[in-house]
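The structure appears below as structure tokens.
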Amino acid sequence: MSINIILFKATLIIYLVATVFYFIDVIGRHERFGRLARWTLIGGFGLHCLTLVARYFEAGYTPVTNLHESLSFFAWALVGIFLLFDLRYRLSVLGAFTAPLALVMMIIGSILPKSVATLNPALDSWWLPVHVALAFLGNAVFTVAFVAAVMYLLQERMLKSKKFSPLYYRLPSLDVLDSINYKCLSFGFPLMTMGIISGAVWAEAAWGTYWSWDPKESWALITWFLYAALLHGRLTVGWRGRRAAIFAIIGFCCLLLTFLGVSLLLSGLHSYTAMSGR
Amino acid sequence: MNIILVGLSHKTAPVEIRERVAFSPTAMERPLREMMNLPDISEAIIASTCNRVELYATSRHPAAGMAQLKNFLASFHGMSVEQLEPHLYQYSGEDAIRHVFRVASSLDSMVIGEPQILGQIKTAYGYAAEFKTAGLILNRFLHKAFSVAKRVRTETEIASNAVSVSFAAVELARKIFGSVEGKTVMIIGAGEMCELAARHFVNNGVTSVIVTNRTFERAEKLAKEFDGRAVLFDNFADHLQKVDIVLTSTGAPNFILGHKKVEEVIKLRKNKPMFFIDIAVPRDIDPRVNDVNNVYLYDVDDLQGVVQANLKERHKEAKKAEQIIDQEIIQFHKWLAGLDVVPTVVALRQKLEEIRRSELEKTYARAKDLGDKERKAMEAMTSAIINKILHGPTTVLKTAQNDANGDSYVEAVRVLFGLEPLQTEEKIENLDDVTGEE
């Protein structure tokens, strides 16, 4: 087993431990475990950085060309973005919702073929890390928005129906959840926009055309319009709360489709070299 | 020495009994002195609140001591023991320690987690300290109980969710708005209920208050109290756009606000959330208002429901508190057991014996030419010295154990001779800063 795979598995285990700690905090109501979970996750993130660096040196290019690499990169971006939000909000509950997502990505990534393939010469460019990093950071931010949106809908439901589960006491206020939604939107949207623009510029350089309507490009555009609509609604007519949360959830579904569905179901320029990972 | 306890509380006795055995806070000296005069009682504290009357004491003979406490409690209030007996509970040793820790931590209260009880126990301890009826054991015991209560308060959320309707409303607002600071409250119907709830909001940071009432003068009067402004009842709805929280309690027989109007207002507010608290019966606000997006409507029953949910939450936290108490009992028990005379005497003898042994060996090592006979003589002599030295302290300790302050002798001996410490000396913190929310 090469070093990057060992590091990858170690990271996965640490994320698992962090997830368990978050659950003990939120469900078992032991707040000390929340702090423990945070530090575990920070440790896992550090290890994950090493994993990516190791993979980079073994492959010789930014490791985002097959699904295993992409999932790992996505999970890395998600944990990183969550930790940034955690600095500001200090919410164990948000961790208890986010860490399992990162864990699931890692687990799926761990069962996919992991061997290093030779890079398609068309992709060998500095645009690769720039385009992909922007796109995945945007995805990660929108994933946090999705998590906050789910929490918002749960909390709103309890406040409306006046039936309180123990989660009510652990979830933050609607205002906080809505402001996370807004923050994510105002960071995620520029990231996504730049991700798409950088891709177009790169495509022009590599293939001579800015836009070729391959399925991933089309779906990315649809997703972009959706988030653009939400941002517009927020800023002009004061969309917020429930509606913003539902939008964030639909947006996330589109994101997933763009990321996974298009790669797996439809073929195009963005398809990963092969599931077998030659 | 044993800690014993006899008492009754809201759980065991109806108010008619509780009020008869309550002690007047202005005349605590006489009952405390009478308790001290009981033959088997050596320290005494009386805790008397409207929900409980409890006698804490120390005694060499727990069974006899508790019987005497019962007699005292009955006769002091002119009742017969038979009359009182069915309402009484009694604990000794570890059970007594647990009970007092639980009471001080408010786990035994009618409203679990309510903060007053700690203050009341402190007051009770204050009287005992004033009249010097609390000795070494009860002093430390009560201080321990206070620090346990403080631990429970800070390490669990036993007191963190509101159990009164008006405070529950503030907490709900916090779950909606994050904070009520800078929010605007409108009071519809200048009644007492609204005023009380509004007071809670203002104390928690609400800065702007609007009051409306059918009789405008009353609205003006109440507005003045809150530094707010009064508006006419006929067009109060025109002001809703700027209002985040609405408190209503008018005597109106019909709804004074419907969901259509609220929908309009929310649109004007660009969906900024609103929180309506309808404490009027019959209700003032159409329940359909709750279905409007970003609007939350709570009536009196809903608020009661929140209080019930909060109480349930407190009961769950209480389990954590019980664990803390278990730990603390073990610690305190160790200290208490160390106060026994017999182990102290044994430890003291062992200590001296050790010194004798090591000194003898040193001497033998230097004087190798000593014969068996001389050695025997030296051993007999040193042994006799130890016995002579020990005789005095042992007698004093043994007689002192039947004394009120016998335990201080035990502790003194342990400190003077450097016998293993009875407890890790912990700082008794200033407990006066333990305050509640309500």
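We name chains A, B, ... following the order of the structure tokens; residues begin at 1 in each chain, and ligands are numbered from 1 as shown.
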
Counting only C-alpha atoms, chain B residues within 9 Å of chain A, as number ranges by chain: B: 161, 172-179, 267, 269-273, 290-291, 293-298, 302-303, 305-306, 309, 313, 317

Members of stretch 59-304 of chain B assigned strand (DSSP E) by DSSP, as a PyMOL selection string: chain B and resi 59+89-92+184-188+208-213+229-232+245-248+274-278+295-299

Minimum-distance residue to B:Glu192, chosen among B:Gln308, B:Ser24, B:Thr382, B:Ser249 (using only C-alpha atoms):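 Counting only C-alpha atoms, the residue closest to B:Glu192 is B:Ser249.
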
If we count only C-alpha atoms and set the cut-off at 10 Å, which residues sit around B:Ser9, ignoring sequence neighbours fewer than 3 positions away in its own chain? Please answer as a CSV table (one decimal) with C-alpha atoms, in the first residue's frame.
chain,number,residue,atom,x,y,z
B,12,THR,CA,-44.4,13.7,52.2
B,13,ALA,CA,-46.5,16.2,54.0
B,14,PRO,CA,-49.4,18.4,53.1
B,15,VAL,CA,-49.2,22.1,53.7
B,17,ILE,CA,-48.6,19.8,58.4
B,18,ARG,CA,-45.7,21.8,57.0
B,48,SER,CA,-37.0,25.4,57.5
B,49,THR,CA,-38.6,26.6,54.2
B,50,CYS,CA,-42.2,26.6,53.0
B,51,ASN,CA,-41.6,23.3,51.3
B,52,ARG,CA,-39.5,21.5,53.8
B,53,VAL,CA,-38.5,21.3,57.4
B,54,GLU,CA,-35.3,19.3,58.1
B,87,HIS,CA,-45.0,12.4,57.2
B,88,LEU,CA,-41.5,12.1,58.3
B,89,TYR,CA,-38.4,10.6,56.7
B,108,ASP,CA,-35.5,17.4,45.6
B,109,SER,CA,-37.4,20.6,44.9
B,110,MET,CA,-40.9,20.9,43.7

For atom CA of B:Ala237 and atom CA of B:Phe275, the interatomic separation in Å (one decimal):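 If I compute the distance from atom CA of B:Ala237 to atom CA of B:Phe275, I get 14.6 Å.
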
Exercise: A:Trp224 partners within 8 Å, only C-alpha atoms, chain neighbours under 6 positions left out, as a PyMOL selection string: chain A and resi 189+192-193

Long-range neighbours of stretch 130-132 of chain A as a list in words, 7 Å cut-off, only C-alpha atoms, 2 positions minimum in chain: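 My reading of the contact set: Trp126, Trp127, Leu128, Leu134, Ala135, Phe136, Gly195, Ser198 and Gly199 of chain A.
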
Contacts of B:Gly135 within 12 Å, only C-alpha atoms, excl. fewer than 6 positions in-chain, as a PyMOL selection string: chain B and resi 1+3+36+41-45+56-59+125+128-129+141-142+403-408

Keeping only N, CA and C atoms, write the selected residues to a file as a short mmCIF file (atom, residue, chain, number, x, y, z; two decimals), in the first residue's frame.
data_model
loop_
_atom_site.label_atom_id
_atom_site.label_comp_id
_atom_site.auth_asym_id
_atom_site.auth_seq_id
_atom_site.Cartn_x
_atom_site.Cartn_y
_atom_site.Cartn_z
N MET B 1 -18.54 8.92 64.24
CA MET B 1 -19.63 9.91 64.30
C MET B 1 -20.50 9.80 63.06
N ILE B 3 -23.75 11.23 60.58
CA ILE B 3 -24.64 12.34 60.23
C ILE B 3 -26.05 11.76 60.16
N MET B 36 -29.51 20.78 70.72
CA MET B 36 -28.18 20.46 71.23
C MET B 36 -28.27 19.77 72.59
N ILE B 41 -27.25 13.99 70.66
CA ILE B 41 -27.00 14.89 69.53
C ILE B 41 -25.81 15.77 69.84
N SER B 42 -24.86 15.88 68.88
CA SER B 42 -23.71 16.73 69.19
C SER B 42 -23.55 17.94 68.28
N GLU B 43 -24.22 17.95 67.14
CA GLU B 43 -24.21 19.16 66.32
C GLU B 43 -25.61 19.31 65.74
N ALA B 44 -26.03 20.56 65.43
CA ALA B 44 -27.41 20.72 64.97
C ALA B 44 -27.57 21.85 63.96
N ILE B 45 -28.38 21.57 62.95
CA ILE B 45 -28.78 22.60 61.99
C ILE B 45 -30.27 22.40 61.70
N TYR B 56 -30.73 18.56 60.74
CA TYR B 56 -29.48 17.85 60.48
C TYR B 56 -28.71 17.79 61.80
N ALA B 57 -28.12 16.62 62.08
CA ALA B 57 -27.38 16.51 63.33
C ALA B 57 -26.28 15.47 63.18
N THR B 58 -25.40 15.43 64.17
CA THR B 58 -24.44 14.32 64.22
C THR B 58 -24.67 13.59 65.53
N SER B 59 -24.42 12.30 65.50
CA SER B 59 -24.69 11.50 66.68
C SER B 59 -23.84 10.23 66.67
N TYR B 125 -27.72 27.28 57.62
CA TYR B 125 -26.36 27.08 58.11
C TYR B 125 -25.88 28.33 58.84
N ALA B 128 -26.99 28.28 62.41
CA ALA B 128 -26.22 27.30 63.18
C ALA B 128 -24.82 27.83 63.47
N ALA B 129 -24.26 28.54 62.49
CA ALA B 129 -22.93 29.10 62.70
C ALA B 129 -23.01 30.22 63.74
N PHE B 141 -19.55 19.54 56.21
CA PHE B 141 -20.64 18.90 55.45
C PHE B 141 -21.42 19.93 54.64
N LEU B 142 -21.81 21.01 55.31
CA LEU B 142 -22.63 22.00 54.61
C LEU B 142 -21.84 22.72 53.53
N ASP B 403 -17.75 13.23 73.09
CA ASP B 403 -17.84 14.66 73.31
C ASP B 403 -18.30 15.35 72.02
N ALA B 404 -18.89 16.54 72.19
CA ALA B 404 -19.35 17.24 70.99
C ALA B 404 -18.18 17.58 70.07
N ASN B 405 -17.07 18.02 70.68
CA ASN B 405 -15.96 18.44 69.82
C ASN B 405 -14.83 17.41 69.78
N GLY B 406 -15.18 16.16 70.04
CA GLY B 406 -14.18 15.09 70.01
C GLY B 406 -13.47 15.00 68.68
N ASP B 407 -14.22 15.27 67.60
CA ASP B 407 -13.61 15.10 66.29
C ASP B 407 -12.48 16.09 66.04
N SER B 408 -12.55 17.24 66.71
CA SER B 408 -11.46 18.18 66.49
C SER B 408 -10.16 17.64 67.10
#

Could you pull the residues within 9 Å of B:Met186, counting only C-alpha atoms, minus those fewer than 2 positions along the same chain, as an mmCIF file with N, CA and C atoms, in the first residue's frame?
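selection_21.cif, written as the output of this step:
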data_model
loop_
_atom_site.group_PDB
_atom_site.id
_atom_site.type_symbol
_atom_site.label_atom_id
_atom_site.label_comp_id
_atom_site.auth_asym_id
_atom_site.auth_seq_id
_atom_site.Cartn_x
_atom_site.Cartn_y
_atom_site.Cartn_z
ATOM 1 N N THR B 184 -38.198 45.090 18.964
ATOM 2 C CA THR B 184 -39.312 45.939 19.371
ATOM 3 C C THR B 184 -40.491 45.067 19.820
ATOM 4 N N ILE B 188 -50.396 44.711 23.494
ATOM 5 C CA ILE B 188 -51.792 45.016 23.169
ATOM 6 C C ILE B 188 -52.644 44.630 24.370
ATOM 7 N N ALA B 198 -43.689 41.594 29.394
ATOM 8 C CA ALA B 198 -42.907 42.646 28.754
ATOM 9 C C ALA B 198 -41.690 43.011 29.601
ATOM 10 N N SER B 208 -37.192 48.743 22.620
ATOM 11 C CA SER B 208 -38.265 49.629 22.218
ATOM 12 C C SER B 208 -39.629 48.967 22.459
ATOM 13 N N VAL B 209 -40.501 49.703 23.127
ATOM 14 C CA VAL B 209 -41.803 49.156 23.512
ATOM 15 C C VAL B 209 -42.918 50.050 22.987
ATOM 16 N N ILE B 210 -43.903 49.424 22.357
ATOM 17 C CA ILE B 210 -45.084 50.160 21.904
ATOM 18 C C ILE B 210 -46.285 49.592 22.651
ATOM 19 N N VAL B 211 -47.144 50.466 23.187
ATOM 20 C CA VAL B 211 -48.283 49.993 23.955
ATOM 21 C C VAL B 211 -49.573 50.489 23.320
ATOM 22 N N THR B 212 -50.555 49.587 23.257
ATOM 23 C CA THR B 212 -51.864 50.044 22.803
ATOM 24 C C THR B 212 -52.928 49.456 23.721
ATOM 25 N N HIS B 239 -48.926 49.757 12.948
ATOM 26 C CA HIS B 239 -47.573 49.848 13.509
ATOM 27 C C HIS B 239 -46.864 48.501 13.545
ATOM 28 N N LEU B 240 -47.601 47.448 13.201
ATOM 29 C CA LEU B 240 -47.036 46.095 13.334
ATOM 30 C C LEU B 240 -45.773 45.889 12.502
ATOM 31 N N VAL B 243 -42.697 45.931 14.381
ATOM 32 C CA VAL B 243 -42.709 45.179 15.629
ATOM 33 C C VAL B 243 -42.238 43.739 15.402
ATOM 34 N N ASP B 244 -41.340 43.248 16.286
ATOM 35 C CA ASP B 244 -40.862 41.871 16.175
ATOM 36 C C ASP B 244 -41.665 40.934 17.071
ATOM 37 N N ILE B 245 -41.999 41.425 18.258
ATOM 38 C CA ILE B 245 -42.659 40.568 19.233
ATOM 39 C C ILE B 245 -43.955 41.233 19.684
ATOM 40 N N VAL B 246 -45.053 40.497 19.638
ATOM 41 C CA VAL B 246 -46.347 41.053 20.034
ATOM 42 C C VAL B 246 -46.868 40.293 21.246
ATOM 43 N N LEU B 247 -47.231 41.053 22.282
ATOM 44 C CA LEU B 247 -47.825 40.453 23.476
ATOM 45 C C LEU B 247 -49.256 40.929 23.559
ATOM 46 N N THR B 248 -50.225 40.003 23.554
ATOM 47 C CA THR B 248 -51.588 40.496 23.654
ATOM 48 C C THR B 248 -52.332 39.839 24.792
#

Nearest to A:Asn181, chosen from A:Gly261, A:Leu123, A:Ile246, A:Leu154, with only C-alpha atoms counted in the distances: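 Nearest candidate to A:Asn181 out of A:Gly261, A:Leu123, A:Ile246, A:Leu154: A:Ile246.
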